[in-house]
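Novice: Got a structure here, written out as C-alpha cells. Questions coming.
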Amino acid sequence: MRHLLSTQDLSKDDAILLLDTAAQMAATQSREIKKLPTLRGRTVVNLFFEDSTRTRISFETAAKRLSADVINFSAKGSSVSKGESLKDTALTLHAMGADAVVVRHWASGAPHQLAHAGWLDAAVLNAGDGTHQHPTQALLDAFTIRRHLVGLRGGAGGAGHPDGTGADLAGLRVAIVGDVLHSRVARSNVHLLHTLGAEVTLVSPPTLLPVGVETWPCRTSYDLDATLAGWQPDAVMMLRVQRERMSGGAGAFFPSPLEYTRRYGLDGRRLALLPGHAIVMHPGPMNRGLEISAEAADSARSVIVEQVANGVAVRMAALYLLLAGERDDRADAPPAPAATEGTAL
Amino acid sequence: MSPGMPEHTTGRTTVLGAQEIQRALTRIAHEVVERSKGVDDVVLLGIPTRGVTLARRLAERLAAIEPAFDPAHSLGELDVTMYRDDLRRHPTRAVGVTTLPAAGIDDKIVVLVDDVLYSGRTIRAALDALSDLGRPRVVRLACLVDRGHRELPIRPDFVGKNLPTATTERVGVRLQEVDGGEDAVVISGRGPADGADGDAGAGVAR
Amino acid sequence: MTTSSTTYVLRGARPLGAEPVDVVLADGVVAALGADVEVPGGAVEVDAAGHVLLPGLVDLHTHLREPGREDAETVASGTRAAAAGGYTAVHAMANTSPVADTAGVVEQVWNLGRQAGWVDVHPVGAVTVGLAGERLAELGAMADSAARVRVFSDDGRCVHDPVLMRRALEYVKAFDGVVAQHAQEPRLTEGAQMNEGVVSAEIGLTGWPAVAEEAIIARDVLLAEHVGSRLHVCHVSTAGSVEIIRWAKARGIAVTAEVTPHHLVLTDELARGYDPVFKVNPPLRTAADVEAVRAGLADGTIDVVATDHAPHTREDKDCEWGAAAMGMTGLETALSVVQLAMVDTGLMTWADVARVMSTAPAAIGRVADTQGRPVAVGEPANLVLVDPRATRVVDGAAQATAAANTPFQGRELPGRVVATFLRGRATVLDGAPVEPAGAVAAPGVAR
C-alpha cells in the first residue's frame, strides 16, 4: 500500500491485514504507556480543508501514539474562496518533508489528486473527501463489527480469536440507513464490507439514493421496518442527516424532520425488531431525535462510543502500514495520465 | 542419516538435528532453574515467531523440572515489530501479537526466548518493548543459536549452540510446530538459490 | 482585402477525397482545377499528393475569451489556433467580459479578428443582457452592426425562462438570426460536476443528468415549431437529445444541432482520475451516448461538428475537480478527432466532413456567401489541405492556442493540417502557421 484513498482499492487481504494490525494497535492502547516508538522521526501532516475536529484529533492521536511528529495544517476554504491552491499547499508540504499527508477535503477526488499529480511524494491518507470516500471510517466500522460479531461470538470463521483476528465478515448482514447520496461513509462501507464478505442493504428515501446505485455491490430498500424485521441485519449503521438537506424548498430531499424520523429514524420500537445480538452504529456526530433516538443511541446494543476508540487503532494501523516499511517505489514515475482509459475510440 | 551428522546437500548444512535441539532446550531449562534459584518469579517471553514455540517448549521442561512452574501463568509472547530500528529497510512487517503472562512482568525474572541471536537488534527492540510494559526485576536472554556478529553490547545468558558463521551465510531454524517436519537448524550457503524449497525465509535470521 | 498576391498550385490534391487534381489559387479564388491545368508563372508549388482538399472549416462555437480573459486566450492566439486546425471562420461566443451583448462589444471582437487576420471572426451576440437570462439584449443593434451578427447565444448559460426563449426565437426572425441554445435546465444541474450515472455515483461527484439537456431541447423544438423560428442546439451530448432532434426534424421543425469532437470520443469514465482537464459542460457522457451522437452525426440528425473550444488558464485547471473551470480546447484537434471517430470508422466520407465542418455551419451562421463553398473554379479560396495518412502526438504546450487544456494530451491522432488558405492567402503552410503580413484592413472595409 502506497496510499489509502478509497476502500475500493483494498483487496480482501489488504483489508484483513489492516484490521489485524489495528487489533494489535488496540491492544497497545490499553497499556499504561500507550506510546510506541515506531514512527519516530516521521512527519505526519493533518491537512484539513474542511473542519472536522473529531477526525483530526483521531488521526493526531494515532500519529502521536506512534511517535510521529504531527503538524496540523488547516487550509479552510470553500469552492467560492479557494485561498491557497491545492497544488501550492502540496508543494509546501513537499518542501517541509512530510512523510504522510492526512487530507480532509470538501472536493471529491482531492486526495487522489494529491497522491497522483506529482506535486508530493508523501503517502496520502484520505480522511474524507467530498461525497466520495472516508476509508478509515469504514475500516473502523468493519473493525468494530468484526470484534463484536465475529470475535466475541466466535462465529463466521473467527478462529476463536477474541477480536476476530484473521477473519473476514462473511455471512454478516449490515444495514446502512440514511442519506446515502451525500455520504462518503456509505460509499466506503459498501465496498469494504462487500470485500470482506458481508452483505449490505442501503435503506434510504429514494431521493437520497444516487442514480447509478444499482451497480453497487449491495441491495437497496426504501423501507426500514421491512429491512429490520424481514432481513434481520446483524448490524445497523445510521448515517448522519444534514439538516440542510431538508431546507431548500422545492429542492429539499424529504418533507420534514418529523417525517424522516418516522420513516427512517432508529428508535426503541425498531430496535426491538432486531435479532438479539445485533449492534447499532453511527459515525457521529449524531442528530439525536432525528436519525437516531436517545434510547437507541444509549442502548446496550450501541457501539457508537467504541467506534471512536477503534478509530485511533485503525488509524494507527493505516499509518503504520503506509509509513513503517521501506519505500521501494520512490523512483516510480508519476502515473501516466488516464487518457487511454474510458474512451470509446 | 544419523542425527547430528552434518548433512551437505545443495549448499545447506544441518548443524543441529532434532535430538540435539531437544537436548539443548533441556539443558537451557536446567540452567534457567539453577540461575534463578528455582522457578519462583520466572516468566518466559517468546519473541515471534519461533521464539514463541521455543518458549513454550522451555516452559514444559521447566514444569517438568519444577512442578511449581505453571506455563499457563508464566508464559507469554512479546512482539517487537513496533520497536525495531530497521523497519524502513524491509518491506512492511506484519505486527505480531503480544501476550503478557497472567503473572505479569513487574518484579519478575523475565527470560526472553529467541531462536537465533545475530546482530542483537531484535533483543534491543525487545528490551525497549519490555520497558514500556512494566519493570522486571531481571531480564535474561535465552537463544537456541548464537551465530555471532553482534552490532550492540548484548550477550545471551543461555545458549543452545554457539555457531561461528560468515555474514554471507544464513541460519535457519525449523520447528515442527511452525514449519512441519523434523526440527533442524540449517546453515545455508552463499547462493541465491537457498530456501527455495518451501520454507523460504522461515526462521531465517538476517 | 486580405487576399494574396501569391499564386499557389496544389499538386495532386483530392477535393473532398475524390480523384487527384491540380488546383490553382490566384487572386483569392480557385482559378483552375483539373488534371491538366495551366499553371501561371511564379506559382508556388504545394505537393498535395494523397492529401484531401476541403473547404475551409467553419466553427459555430469558439470561445476566444477576449475581451476579459486574455490570460486564457486572445482573439489573435485563438484564431491562430483555428487556422492551424484548418479553420477559415469561427463564431466567437458571447460570454466574454464584458459580455458581447451590445453592438460595441461585437464590433470590437470583429475588428480584433480582422486585425489578427487568421480567420474570419463572426461574433455571436448574447441573447440576454449580461447572460443573466432576464431580458433580451439589443439583438437588432448587433445584427445591424459592422459585425452583422446572425447567431445569438447565452452559451455557458441556458436561456431557461420559456417566455424569454420564445421571445428570442421570434425576435431574431426579423434579421434571419438564429438562437443557439445551451440546453441545460439550471435547477436540475445545481452544483453539477459530471454526467450523472454509474461513475458519478461511485466517485462522489454531483451529477449532471441527461434529462436536464433533453428537457430543454424538447421544450425548445416545440417552441420553435409553435412560433415558426429556427433553433440551433449547441453541443448535443446525450442519446436522448439525438432522439428528440431526430423526431423534431421528421416533424419539419427548423432545428439544427451540433456535437463537439470530445463528445464523439471521450466518456465519463475519464472522470475517475479526477483530472480537471476532462471537466467540461455539458459533461462527457457514457459510451452509449458516444455511439448515439456518432450515429446522429452520420445520419444528419446532428448537422455540424462545433469545437466548443474553451481555453482556460493553468490555474483554473490545476486544482480540485470541484473548483476547476469547465471546458477543453478543440480547434487544433477537431479535424483529427472527426477523422478518427467518423472517417476512419467508415461512418462518414470526406465529403460528409466538408458538410458537417464547413458547409452546414456556414449555412447556419449565415456566412455561406464566402465560407463553406464548393471546391470549384471561381469560388473563394477558403480551403484546407489535410494529410489523412499522417499521425501526430498531441502536445498542448506546443499548440497555437494560448491554453494547454487539451483532453487529448499525449495521444496519437490521425490526420494533419498541411495548409490552410484564407481567400487564397496561406495561413498555414507545411503544417506551420504563416504570420499574416499587413493583415490589418482599414476598419469598415467590407469583406
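Residue names in the C-alpha cells use chain letters A, B, ... in the order shown, residue numbers from 1 in each chain, and ligand numbers from 1 in the order shown.
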Quick one: pick out all alpha helix (DSSP H) residues within chain B from a backbone DSSP run and write them as JSON, numbers by chain.

Specialist: {"B": [18, 19, 20, 21, 22, 23, 24, 25, 26, 27, 28, 29, 30, 31, 32, 33, 34, 35, 36, 50, 51, 52, 53, 54, 55, 56, 57, 58, 59, 60, 61, 62, 63, 64, 65, 71, 72, 73, 74, 121, 122, 123, 124, 125, 126, 127, 128, 129, 130, 131, 132, 133, 176, 177, 178, 179]}

Novice: Compile the contact shell of region 141-156 of chain B as a list in words: residues with an atom at most 8 Å away, counting only C-alpha atoms, same-chain residues fewer than 3 positions apart removed.

Specialist: Ile21, Ala24, Leu25, Ile28, Val111, Leu112, Val113, Asp114, Asp115, Val116, Leu117, Tyr118, Ser119, Gly120, Arg121, Ile123, Arg124, Val159, Gly160, Lys161, Asn162, Leu163, Pro164, Thr165, Thr167 and Val171 of chain B

Novice: Give me, as an NGL selection string, the contact residues of chain A against chain B at a cut-off of 8 Å, counting only C-alpha atoms.

Specialist: :A and (17 or 21 or 24 or 31-33 or 36-38 or 321 or 324-327)

Novice: For Ala198 (chain A), find every residue with an atom within 8 Å (counting only C-alpha atoms), except residues of its own chain fewer than 4 positions away, and show them as a PyMOL selection string.

Specialist: chain A and resi 169-174+193-194

Novice: Based on the selection just made, write N, CA and C atoms of those residues as a CSV table (one decimal), in the first residue's frame.

Specialist:
chain,number,residue,atom,x,y,z
A,169,LEU,N,-15.7,-11.0,7.2
A,169,LEU,CA,-17.1,-10.7,7.8
A,169,LEU,C,-18.1,-11.6,7.0
A,170,ALA,N,-17.7,-12.7,6.5
A,170,ALA,CA,-18.6,-13.5,5.6
A,170,ALA,C,-19.9,-13.8,6.3
A,171,GLY,N,-20.9,-13.6,5.6
A,171,GLY,CA,-22.3,-14.0,6.1
A,171,GLY,C,-22.9,-13.0,7.0
A,172,LEU,N,-22.2,-11.9,7.4
A,172,LEU,CA,-22.9,-10.9,8.2
A,172,LEU,C,-23.7,-10.0,7.4
A,173,ARG,N,-24.8,-9.5,8.0
A,173,ARG,CA,-25.7,-8.6,7.3
A,173,ARG,C,-25.6,-7.2,7.9
A,174,VAL,N,-25.4,-6.2,7.1
A,174,VAL,CA,-25.3,-4.8,7.6
A,174,VAL,C,-26.3,-3.9,6.9
A,193,LEU,N,-17.2,-3.6,3.1
A,193,LEU,CA,-18.0,-4.7,3.7
A,193,LEU,C,-18.2,-5.8,2.7
A,194,HIS,N,-18.4,-5.4,1.4
A,194,HIS,CA,-18.5,-6.4,0.4
A,194,HIS,C,-17.2,-7.2,0.2

Novice: Based on only C-alpha atoms, which of the residues in chain C come within 9 Å of chain A? I want them as a ChimeraX atom specification.

Specialist: /C:187,196-207,264-275,286-287,290-291,315,318-323,340-341,407-411

Novice: From the DSSP assignment of the backbone, select every residue of region 91-176 of chain B that is strand (DSSP E), and format the answer as a list in words.

Specialist: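 Of region 91-176 of chain B, the ones in strand (DSSP E) are Ile109, Val110, Val111, Leu112, Val113, Asp114, Asp115, Val116, Leu117, Val138, Val139, Arg140, Leu141, Ala142, Cys143, Leu144, Val145, Asp146, Phe158, Val159, Gly160, Lys161, Asn162, Arg170, Val171, Gly172, Val173 and Arg174 of chain B.
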
Novice: Go ahead and save the picked residues with N, CA and C atoms, as a compact mmCIF listing (two decimals), in the first residue's frame.

Specialist:
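Saved the output as out00.txt:
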# COMPACT_ATOMS: atom_id res chain seq x y z
N ILE B 109 11.50 -12.37 37.04
CA ILE B 109 12.70 -12.71 36.29
C ILE B 109 12.23 -13.07 34.89
N VAL B 110 12.40 -12.14 33.97
CA VAL B 110 11.90 -12.35 32.62
C VAL B 110 12.99 -13.00 31.78
N VAL B 111 12.66 -14.12 31.17
CA VAL B 111 13.60 -14.76 30.25
C VAL B 111 13.05 -14.58 28.84
N LEU B 112 13.76 -13.78 28.05
CA LEU B 112 13.39 -13.62 26.64
C LEU B 112 13.90 -14.83 25.88
N VAL B 113 13.06 -15.35 24.98
CA VAL B 113 13.46 -16.54 24.23
C VAL B 113 13.37 -16.25 22.74
N ASP B 114 14.50 -16.46 22.07
CA ASP B 114 14.51 -16.26 20.62
C ASP B 114 15.24 -17.43 19.97
N ASP B 115 15.06 -17.57 18.66
CA ASP B 115 15.70 -18.71 18.02
C ASP B 115 17.17 -18.45 17.70
N VAL B 116 17.44 -17.37 16.97
CA VAL B 116 18.82 -17.10 16.55
C VAL B 116 19.22 -15.72 17.05
N LEU B 117 20.35 -15.63 17.72
CA LEU B 117 20.88 -14.33 18.12
C LEU B 117 21.94 -13.93 17.10
N VAL B 138 14.72 -8.71 36.72
CA VAL B 138 15.88 -9.10 35.92
C VAL B 138 15.37 -9.49 34.54
N VAL B 139 16.16 -9.20 33.54
CA VAL B 139 15.83 -9.72 32.21
C VAL B 139 17.00 -10.57 31.75
N ARG B 140 16.70 -11.81 31.35
CA ARG B 140 17.76 -12.67 30.81
C ARG B 140 17.37 -13.07 29.40
N LEU B 141 18.37 -13.59 28.71
CA LEU B 141 18.14 -13.92 27.30
C LEU B 141 18.54 -15.36 27.02
N ALA B 142 17.61 -16.10 26.43
CA ALA B 142 17.90 -17.47 26.00
C ALA B 142 17.75 -17.54 24.49
N CYS B 143 18.73 -18.20 23.83
CA CYS B 143 18.55 -18.39 22.39
C CYS B 143 19.06 -19.77 22.01
N LEU B 144 18.46 -20.30 20.97
CA LEU B 144 18.84 -21.64 20.54
C LEU B 144 20.21 -21.60 19.88
N VAL B 145 20.45 -20.56 19.06
CA VAL B 145 21.71 -20.46 18.33
C VAL B 145 22.26 -19.05 18.49
N ASP B 146 23.53 -18.95 18.80
CA ASP B 146 24.21 -17.65 18.75
C ASP B 146 25.19 -17.71 17.59
N PHE B 158 21.72 -17.82 28.11
CA PHE B 158 21.58 -19.25 27.87
C PHE B 158 21.61 -19.49 26.37
N VAL B 159 22.52 -20.39 25.95
CA VAL B 159 22.70 -20.61 24.52
C VAL B 159 22.60 -22.10 24.23
N GLY B 160 21.85 -22.45 23.19
CA GLY B 160 21.79 -23.85 22.76
C GLY B 160 23.08 -24.24 22.08
N LYS B 161 23.51 -23.42 21.14
CA LYS B 161 24.74 -23.72 20.43
C LYS B 161 25.37 -22.44 19.89
N ASN B 162 26.65 -22.32 20.14
CA ASN B 162 27.40 -21.23 19.51
C ASN B 162 27.81 -21.69 18.12
N ARG B 170 23.36 -17.94 5.91
CA ARG B 170 22.07 -17.77 6.56
C ARG B 170 21.83 -18.95 7.49
N VAL B 171 21.27 -18.63 8.64
CA VAL B 171 20.99 -19.68 9.61
C VAL B 171 19.48 -19.79 9.72
N GLY B 172 18.99 -20.99 9.45
CA GLY B 172 17.54 -21.19 9.51
C GLY B 172 17.19 -22.18 10.59
N VAL B 173 16.14 -21.84 11.35
CA VAL B 173 15.65 -22.76 12.37
C VAL B 173 14.30 -23.29 11.93
N ARG B 174 14.17 -24.61 11.90
CA ARG B 174 12.89 -25.21 11.54
C ARG B 174 12.34 -25.93 12.75

Novice: Go ahead and compute the interatomic distance for CA of Asp430 (chain C) and CA of Gly85 (chain C), in Å to one decimal.

Specialist: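 Computed distance, CA of Asp430 (chain C) to CA of Gly85 (chain C), equals 12.8 Å.
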
Novice: Using only C-alpha atoms, determine which residues lie at most 10 Å from Arg157 (chain C), disregarding the query and same-chain residues fewer than 3 positions distant; provide the list as a list in words.

Specialist: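 Everything that qualifies: Asn95, Leu131, Ala132, Gly133, Ser153, Asp154, His160, Gln181, His182, Ala183, Gln184, Glu185 and Pro186 of chain C.
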
Novice: Which residues are near Ala334 (chain C)? Cut-off 12 Å, only C-alpha atoms, ignore same chain within fewer than 3 positions. Put them as a PyMOL selection string.

Specialist: chain C and resi 57-59+61-62+81-87+259-265+304-309+328-331+337-342+353+356-357+394+406-408+413-417

Novice: Extract, using only C-alpha atoms, all DNA, RNA and protein residues at most 10 Å from Leu222 (chain C), discarding same-chain residues fewer than 6 positions from it, and format them as a ChimeraX atom specification.

Specialist: /C:216,228,248,253

Novice: Would you write out those residues with C-alpha atoms, as a PDB file, in the first residue's frame?

Specialist:
ATOM      1  CA  ILE C 216     -34.755  21.917 -22.612  1.00  0.00           C
ATOM      2  CA  GLY C 228     -42.056  29.128 -36.767  1.00  0.00           C
ATOM      3  CA  ALA C 248     -38.287  17.207 -34.453  1.00  0.00           C
ATOM      4  CA  ILE C 253     -39.201  21.725 -37.278  1.00  0.00           C
TER       5      ILE C 253
END

Novice: Find the spatial neighbours of Val127 (chain C), counting only C-alpha atoms, within a cut-off of 10 Å - ignore same-chain residues fewer than 4 positions away - and output them as an NGL selection string.

Specialist: :C and (94 or 100-101 or 131-139 or 151-155 or 158-159 or 164-165 or 168-169 or 172 or 179-181)

Novice: CA of Val21 (chain C) and CA of Gly50 (chain C) are how many Å apart?

Specialist: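 Interatomic distance here is 10.2 Å.
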
Novice: So, counting only C-alpha atoms, which residue among B:Pro101, B:Gly38, B:Gly180, B:Gly51 is closest to His73 (chain B)?

Specialist: B:Pro101

Novice: What gap, in Å, lies between CA of Val24 (chain C) and CA of Gln115 (chain C)?

Specialist: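 Taking CA of Val24 (chain C) and CA of Gln115 (chain C), their separation equals 26.9 Å.
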